[in-house]
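Data block for entry.txt (compact mmCIF, C-alpha atoms):
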```
# COMPACT_ATOMS: atom_id res chain seq x y z
CA MET A 290 28.89 5.59 -20.44
CA SER A 291 31.29 8.57 -20.67
CA GLU A 292 30.01 12.11 -21.20
CA SER A 293 31.37 12.12 -24.75
CA CYS A 294 29.83 8.76 -25.64
CA SER A 295 26.75 8.88 -27.86
CA GLY A 296 25.63 5.39 -26.94
CA ASN A 297 26.60 3.98 -30.34
CA CYS A 298 30.06 2.71 -29.42
CA SER A 299 30.77 -1.02 -29.45
CA SER A 300 30.96 -1.17 -25.66
CA CYS A 301 27.50 0.38 -25.23
CA GLN A 302 26.02 -1.82 -27.92
CA GLN A 303 27.53 -4.90 -26.27
CA ASN A 304 26.07 -3.91 -22.87
CA CYS A 305 22.64 -3.29 -24.39
CA GLY A 306 22.79 -6.62 -26.18
CA GLU A 307 23.65 -8.41 -22.94
CA GLU A 308 20.76 -6.66 -21.13
CA ASP A 309 18.35 -7.70 -23.87
CA ARG A 310 19.58 -11.28 -23.70
CA LYS A 311 19.09 -11.46 -19.93
CA LEU A 312 15.63 -9.90 -20.22
CA LYS A 313 14.48 -12.33 -22.90
CA SER A 314 15.93 -15.30 -21.02
CA THR A 315 14.13 -14.36 -17.78
CA LEU A 316 10.81 -13.32 -19.29
CA GLY A 317 10.77 -16.32 -21.62
CA LYS A 318 10.15 -18.53 -18.56
CA ILE A 319 7.07 -16.54 -17.50
CA LYS A 320 3.84 -17.45 -19.26
CA ASN A 321 1.52 -14.62 -18.20
CA LYS A 322 2.43 -11.10 -17.08
CA ILE A 323 -0.22 -8.95 -15.39
CA VAL A 324 0.38 -5.29 -14.57
CA VAL A 325 -1.93 -3.96 -11.85
CA MET A 326 -2.17 -0.23 -12.40
CA SER A 327 -4.28 2.87 -11.87
CA GLY A 328 -4.16 6.50 -12.86
CA LYS A 329 -5.25 7.34 -9.31
CA GLY A 330 -3.35 6.84 -6.07
CA GLY A 331 -5.08 5.57 -2.96
CA VAL A 332 -7.48 3.21 -4.72
CA GLY A 333 -6.10 0.04 -3.12
CA LYS A 334 -4.00 -1.03 -6.08
CA SER A 335 -1.42 -2.83 -3.95
CA THR A 336 -4.19 -4.63 -2.05
CA VAL A 337 -5.58 -5.88 -5.36
CA ALA A 338 -2.12 -6.89 -6.64
CA VAL A 339 -1.16 -8.79 -3.47
CA ASN A 340 -4.47 -10.62 -3.19
CA LEU A 341 -4.58 -11.41 -6.91
CA ALA A 342 -1.12 -12.97 -6.66
CA ALA A 343 -2.06 -14.84 -3.47
CA SER A 344 -5.30 -16.09 -5.04
CA LEU A 345 -3.46 -17.41 -8.09
CA ALA A 346 -0.93 -19.15 -5.83
CA LEU A 347 -3.76 -20.71 -3.79
CA ALA A 348 -5.25 -21.96 -7.08
CA GLY A 349 -2.07 -23.96 -7.66
CA TYR A 350 -0.23 -21.69 -10.08
CA ARG A 351 3.45 -20.76 -9.87
CA VAL A 352 3.31 -17.03 -9.17
CA GLY A 353 5.70 -14.11 -8.81
CA LEU A 354 4.83 -10.71 -7.34
CA LEU A 355 6.98 -7.74 -8.31
CA ASP A 356 6.55 -4.43 -6.47
CA VAL A 357 7.86 -1.56 -8.62
CA ASP A 358 6.19 1.19 -6.63
CA ILE A 359 9.58 2.69 -5.88
CA HIS A 360 8.44 5.65 -3.79
CA GLY A 361 5.86 3.76 -1.75
CA PRO A 362 6.50 0.00 -1.70
CA SER A 363 3.63 -1.53 0.27
CA VAL A 364 4.17 -5.22 -0.47
CA PRO A 365 6.70 -5.91 2.34
CA GLN A 366 4.21 -4.66 4.94
CA MET A 367 1.28 -6.52 3.39
CA LEU A 368 3.18 -9.81 3.31
CA ASN A 369 5.11 -9.40 6.58
CA LEU A 370 8.45 -9.32 4.80
CA HIS A 371 10.21 -6.66 6.87
CA ASN A 372 13.98 -6.26 7.02
CA THR A 373 14.53 -9.31 4.87
CA GLY A 374 17.39 -7.84 2.86
CA VAL A 375 18.41 -9.17 -0.53
CA MET A 376 19.85 -12.62 -1.15
CA MET A 377 21.96 -13.27 -4.23
CA ASP A 378 22.81 -16.36 -6.26
CA GLY A 379 25.77 -15.27 -8.32
CA ASP A 380 24.54 -12.30 -10.37
CA LEU A 381 20.86 -13.03 -9.73
CA ILE A 382 18.57 -11.64 -7.04
CA LEU A 383 16.71 -14.35 -5.16
CA PRO A 384 13.03 -13.58 -4.48
CA GLN A 385 11.59 -14.03 -1.03
CA GLU A 386 9.24 -17.01 -1.00
CA ILE A 387 5.92 -17.48 0.79
CA GLY A 388 4.77 -20.95 -0.13
CA SER A 389 4.63 -21.00 -3.93
CA LEU A 390 4.60 -17.19 -4.15
CA LYS A 391 7.88 -15.46 -5.05
CA VAL A 392 8.19 -11.79 -4.10
CA VAL A 393 10.57 -8.96 -4.96
CA SER A 394 10.26 -5.35 -3.79
CA LEU A 395 12.55 -2.37 -3.52
CA GLY A 396 11.37 -2.29 0.08
CA PHE A 397 13.65 -5.26 0.77
CA MET A 398 16.64 -3.03 0.05
CA ILE A 399 15.67 -0.05 2.21
CA ASP A 400 17.13 0.11 5.72
CA ASP A 401 14.88 2.94 6.88
CA PRO A 402 11.21 2.31 5.98
CA ASP A 403 10.47 6.00 6.62
CA GLY A 404 13.24 7.20 4.34
CA ALA A 405 12.35 9.00 1.12
CA ILE A 406 13.58 7.59 -2.20
CA ILE A 407 14.75 10.63 -4.17
CA TRP A 408 15.68 9.24 -7.57
CA ARG A 409 15.45 10.64 -11.06
CA GLY A 410 13.92 8.72 -13.95
CA PRO A 411 17.05 6.96 -15.28
CA MET A 412 17.85 5.39 -11.91
CA LYS A 413 14.25 4.18 -11.46
CA ILE A 414 14.24 2.72 -14.95
CA GLY A 415 17.52 0.93 -14.24
CA VAL A 416 16.13 -0.70 -11.09
CA ILE A 417 12.99 -1.86 -12.90
CA LYS A 418 15.10 -3.41 -15.66
CA GLN A 419 17.18 -5.17 -13.02
CA PHE A 420 14.09 -6.55 -11.28
CA LEU A 421 12.79 -7.94 -14.56
CA SER A 422 16.02 -9.34 -15.97
CA GLU A 423 18.25 -10.15 -12.97
CA VAL A 424 15.84 -11.93 -10.62
CA ALA A 425 15.79 -15.72 -10.39
CA TRP A 426 12.05 -15.96 -11.07
CA GLY A 427 12.41 -19.37 -12.69
CA GLU A 428 9.41 -20.96 -14.40
CA LEU A 429 6.25 -19.00 -13.58
CA ASP A 430 2.65 -19.26 -14.69
CA TYR A 431 1.98 -15.67 -13.65
CA LEU A 432 4.03 -12.61 -12.78
CA VAL A 433 1.88 -9.93 -11.13
CA ILE A 434 3.43 -6.45 -11.15
CA ASP A 435 2.27 -3.83 -8.65
CA SER A 436 2.86 -0.63 -10.60
CA PRO A 437 2.89 2.87 -9.08
CA PRO A 438 -0.05 5.16 -9.88
CA GLY A 439 -0.06 7.36 -12.96
CA THR A 440 1.30 6.97 -16.46
CA GLY A 441 4.89 8.10 -15.92
CA ASP A 442 8.35 6.54 -16.13
CA GLU A 443 7.73 3.42 -14.03
CA PRO A 444 4.50 2.15 -15.63
CA LEU A 445 5.78 3.02 -19.10
CA THR A 446 9.07 1.19 -18.54
CA VAL A 447 7.32 -1.91 -17.20
CA CYS A 448 4.84 -2.04 -20.08
CA GLN A 449 7.47 -1.47 -22.75
CA LEU A 450 9.78 -4.15 -21.36
CA LEU A 451 6.86 -6.59 -20.94
CA ASN A 452 5.54 -6.19 -24.45
CA ASP A 453 3.15 -9.15 -24.07
CA ALA A 454 1.73 -8.15 -20.67
CA SER A 455 -1.91 -7.44 -19.86
CA ALA A 456 -3.34 -4.86 -17.47
CA VAL A 457 -5.77 -5.00 -14.58
CA ILE A 458 -6.84 -1.45 -13.79
CA VAL A 459 -8.12 -0.46 -10.35
CA THR A 460 -10.63 2.29 -9.61
CA THR A 461 -12.98 3.34 -6.84
CA PRO A 462 -16.61 4.34 -7.43
CA GLN A 463 -16.20 8.14 -7.37
CA GLN A 464 -16.12 10.28 -10.50
CA VAL A 465 -12.85 11.89 -9.37
CA ALA A 466 -11.24 8.45 -9.57
CA ALA A 467 -12.84 7.69 -12.93
CA ASN A 468 -11.29 10.83 -14.42
CA ASP A 469 -7.78 9.65 -13.58
CA VAL A 470 -8.39 5.96 -14.27
CA ALA A 471 -9.58 6.86 -17.77
CA LYS A 472 -6.04 8.11 -18.39
CA SER A 473 -4.69 4.63 -17.61
CA LEU A 474 -7.13 3.06 -20.06
CA ASN A 475 -6.06 5.52 -22.75
CA PHE A 476 -2.42 4.87 -21.83
CA CYS A 477 -2.92 1.15 -22.50
CA LYS A 478 -4.67 1.93 -25.77
CA GLN A 479 -1.82 4.18 -26.93
CA ILE A 480 0.85 1.55 -26.26
CA ASN A 481 -1.31 -1.33 -27.60
CA MET A 482 -1.49 -3.11 -24.25
CA LYS A 483 -4.32 -5.54 -23.63
CA VAL A 484 -6.62 -4.69 -20.71
CA LEU A 485 -8.00 -7.75 -18.94
CA GLY A 486 -10.49 -5.58 -17.11
CA LEU A 487 -11.33 -3.23 -14.26
CA VAL A 488 -11.61 -3.84 -10.54
CA GLU A 489 -13.78 -1.39 -8.63
CA ASN A 490 -12.36 -1.32 -5.13
CA MET A 491 -14.08 0.17 -2.04
CA SER A 492 -17.41 -0.61 -3.70
CA GLY A 493 -19.74 -0.30 -0.72
CA PHE A 494 -19.15 -1.22 2.93
CA VAL A 495 -19.68 -4.64 4.50
CA CYS A 496 -21.34 -4.39 7.91
CA PRO A 497 -19.22 -6.48 10.32
CA HIS A 498 -22.36 -7.49 12.23
CA CYS A 499 -24.92 -8.48 9.60
CA GLY A 500 -22.80 -8.73 6.43
CA GLU A 501 -25.02 -6.35 4.46
CA VAL A 502 -23.24 -4.24 1.83
CA THR A 503 -24.10 -0.52 1.95
CA GLU A 504 -23.04 2.02 -0.67
CA ILE A 505 -20.89 4.72 0.94
CA PHE A 506 -19.36 6.49 -2.07
CA ALA A 507 -21.32 8.28 -4.75
CA GLY A 508 -20.61 7.20 -8.30
CA ASN A 509 -20.39 4.07 -10.38
CA ALA A 510 -16.99 4.43 -11.97
CA GLY A 511 -16.40 0.73 -12.62
CA GLU A 512 -19.50 0.24 -14.76
CA THR A 513 -19.19 3.68 -16.38
CA LEU A 514 -15.60 3.07 -17.48
CA SER A 515 -16.41 -0.50 -18.52
CA GLU A 516 -19.13 0.71 -20.87
CA ARG A 517 -17.17 3.71 -22.12
CA PHE A 518 -14.01 1.78 -23.00
CA GLY A 519 -15.55 -1.60 -23.78
CA VAL A 520 -13.57 -3.51 -21.14
CA GLU A 521 -14.73 -6.11 -18.64
CA LEU A 522 -15.65 -5.16 -15.08
CA LEU A 523 -13.92 -8.04 -13.30
CA ALA A 524 -15.15 -7.41 -9.76
CA LYS A 525 -16.56 -4.89 -7.31
CA ILE A 526 -14.72 -5.31 -4.00
CA PRO A 527 -16.46 -3.78 -0.97
CA VAL A 528 -14.76 -2.20 2.01
CA ASP A 529 -14.44 -4.66 4.87
CA PRO A 530 -12.46 -4.29 8.13
CA CYS A 531 -10.82 -7.64 7.40
CA VAL A 532 -9.03 -6.12 4.40
CA ALA A 533 -7.22 -3.57 6.59
CA ILE A 534 -6.62 -6.13 9.33
CA GLY A 535 -5.03 -8.55 6.86
CA GLY A 536 -2.86 -5.89 5.25
CA ASP A 537 -1.58 -4.50 8.53
CA ALA A 538 -0.92 -8.00 9.89
CA GLY A 539 1.00 -9.03 6.79
CA THR A 540 -1.48 -11.69 5.67
CA PRO A 541 -3.48 -11.35 2.43
CA PHE A 542 -7.19 -11.25 3.30
CA ILE A 543 -7.86 -13.87 0.62
CA GLN A 544 -5.94 -16.31 2.84
CA ARG A 545 -7.05 -15.24 6.31
CA PHE A 546 -10.61 -14.18 5.51
CA ALA A 547 -11.51 -16.26 2.46
CA LYS A 548 -15.15 -16.69 3.58
CA THR A 549 -15.87 -12.97 3.91
CA VAL A 550 -17.68 -11.06 1.15
CA PRO A 551 -14.46 -9.59 -0.34
CA GLY A 552 -12.75 -12.97 -0.04
CA ARG A 553 -15.54 -14.74 -1.94
CA ILE A 554 -15.64 -12.05 -4.62
CA PHE A 555 -11.89 -12.27 -5.13
CA GLY A 556 -12.01 -16.05 -5.38
CA GLU A 557 -14.85 -15.88 -7.91
CA MET A 558 -12.98 -13.30 -9.99
CA VAL A 559 -9.86 -15.45 -10.18
CA GLU A 560 -11.84 -18.56 -11.01
CA LYS A 561 -13.87 -16.82 -13.74
CA TYR A 562 -11.26 -14.63 -15.42
CA PHE A 563 -7.89 -16.18 -14.55
CA ASN A 564 -8.73 -19.87 -14.66
CA ILE A 565 -7.04 -20.16 -18.03
CA GLU A 566 -4.48 -22.39 -19.61
CA ALA A 567 -1.43 -21.05 -17.81
```

Target encoding structure tokens, full file:
Amino acid sequence: MSESCSGNCSSCQQNCGEEDRKLKSTLGKIKNKIVVMSGKGGVGKSTVAVNLAASLALAGYRVGLLDVDIHGPSVPQMLNLHNTGVMMDGDLILPQEIGSLKVVSLGFMIDDPDGAIIWRGPMKIGVIKQFLSEVAWGELDYLVIDSPPGTGDEPLTVCQLLNDASAVIVTTPQQVAANDVAKSLNFCKQINMKVLGLVENMSGFVCPHCGEVTEIFAGNAGETLSERFGVELLAKIPVDPCVAIGGDAGTPFIQRFAKTVPGRIFGEMVEKYFNIEA
């Protein structure tokens, strides 16, 4: 668009119409869209997103995982998809595939994993639109979106483009997390987005020797927020060394450590709340 263009010229309208057509065509093949979000960073949101997507794939669903955490894409590390680059089929981006799980992340496009992404809002919004409309997702039962923390440009763009998506909101037990996570719940309410429920992550510690779960953080944010906002508490996931081991090794813990306490809880959550007509 030229500096003198208001955005109302025929060329701009034609481009916008083509973008809308691509978006509708792509999203029309995806039955369920789930945005994993949190108003608080450091709560394990990416861990929840990756293992939710992996659990759904293990349950036999066709699943896509989209990482739109532009400034801190964790999915490539957590799925051992380093230096994969981007493959194209004509004008479409081809997702990386792990079994029946299709994955796209900005991390695939970054040569230096330690490099900082210094982008303003319009550029970030453009990349998110491209990931949603110009990726060969194909027919999917679920698309899980790992959204960056907060309620800024990226989460807002995702939720507005996916106007029929639902949210899974991640918290930790502490009150300081609840204060920020409440903002995400109010964000969903303001934009009329359905909230499937809350996941309280780091909810106690699993002893690696005896398996007993011990509370290590003060607070009960999951239940407090559930009661306050009238949303379901989907699961309370305890801290377990296997979670960090799986993430660092590039294998979702739901696959490698399915029989651990977190693995069982995750499996039960998916079976109870996501075992729907996909």

Identify which of the residues A:Asp378, A:Trp426, A:Val416, A:Ile359 lies closest to A:Gly404, counting only C-alpha atoms when measuring atom-to-atom distances.
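For A:Gly404, the nearest of the candidates is A:Ile359.
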
Which polymer residues have any atom within 8 Å of an atom of stretch 513-522 of chain A, counting only C-alpha atoms, with same-chain residues fewer than 4 positions away left out, as a PyMOL selection string?
chain A and resi 467+471+474+484-489+509

Which is closer to A:Val457 than all the others in A:Arg351, A:Lys318, A:Lys334, A:Lys413, using all atoms listed in the file?
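Smallest distance to A:Val457 is found for A:Lys334.
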
note - atom CA of A:Val470 and atom CA of A:Asp430 are separated by 27.5 Å

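Proximity to stretch 504-508 of chain A at 7 Å, evaluated using all atoms listed in the file and with sequence-adjacent residues fewer than 3 positions away removed, yields A:Pro462, A:Gln463, A:Gln464, A:Ser492, A:Gly493, A:Phe494.
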
Between atom CA of A:Ile434 and atom CA of A:Asp356, distance in Å (one decimal):
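Between atom CA of A:Ile434 and atom CA of A:Asp356 the gap is 6.0 Å.
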
Skip A:Ser335 itself and residues of its chain fewer than 5 positions away, then list as a PyMOL selection string all residues within 12 Å of it, counting only C-alpha atoms.
chain A and resi 324-327+330+340-342+354-358+361-368+394+433-438+457-460+490+532+536+541

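Of note, atom CA of A:Asp401 and atom CA of A:Met376 are spaced 18.2 Å apart.
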
Find, counting all atoms listed in the file, the residue in A:Ala524, A:Cys477, A:Ala466, A:Cys499 that gets nearest to A:Lys329.
A:Ala466

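Remark: for A:Asn321, the closest of the candidate residues A:Thr373, A:Thr440, A:Ser455, A:Ser473 is A:Ser455 (distances computed over only C-alpha atoms).
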
A:Gly396, A:Arg409, A:Lys525, A:Asp403: which is nearest A:Glu512, counting only C-alpha atoms?
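When distances to A:Glu512 are compared using only C-alpha atoms, the smallest one comes from A:Lys525.
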
Taking 4 positions as the minimum chain separation for residues in the same chain, which residues sit within 10 Å of A:Gly410 when counting all atoms listed in the file? Answer as a PDB file with C-alpha atoms, in the frame of the given file.
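Contents of around-v4.pdb, as written:
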```pdb
ATOM      1  CA  ILE A 414      14.240   2.720 -14.950  1.00  0.00           C
ATOM      2  CA  GLY A 415      17.520   0.930 -14.240  1.00  0.00           C
ATOM      3  CA  GLY A 441       4.890   8.100 -15.920  1.00  0.00           C
ATOM      4  CA  ASP A 442       8.350   6.540 -16.130  1.00  0.00           C
ATOM      5  CA  GLU A 443       7.730   3.420 -14.030  1.00  0.00           C
TER       6      GLU A 443
END
```

As number ranges by chain, please: the residues near A:Phe397 (cut-off 7 Å, only C-alpha atoms, same-chain neighbours under 4 positions excluded).
A: 372-375
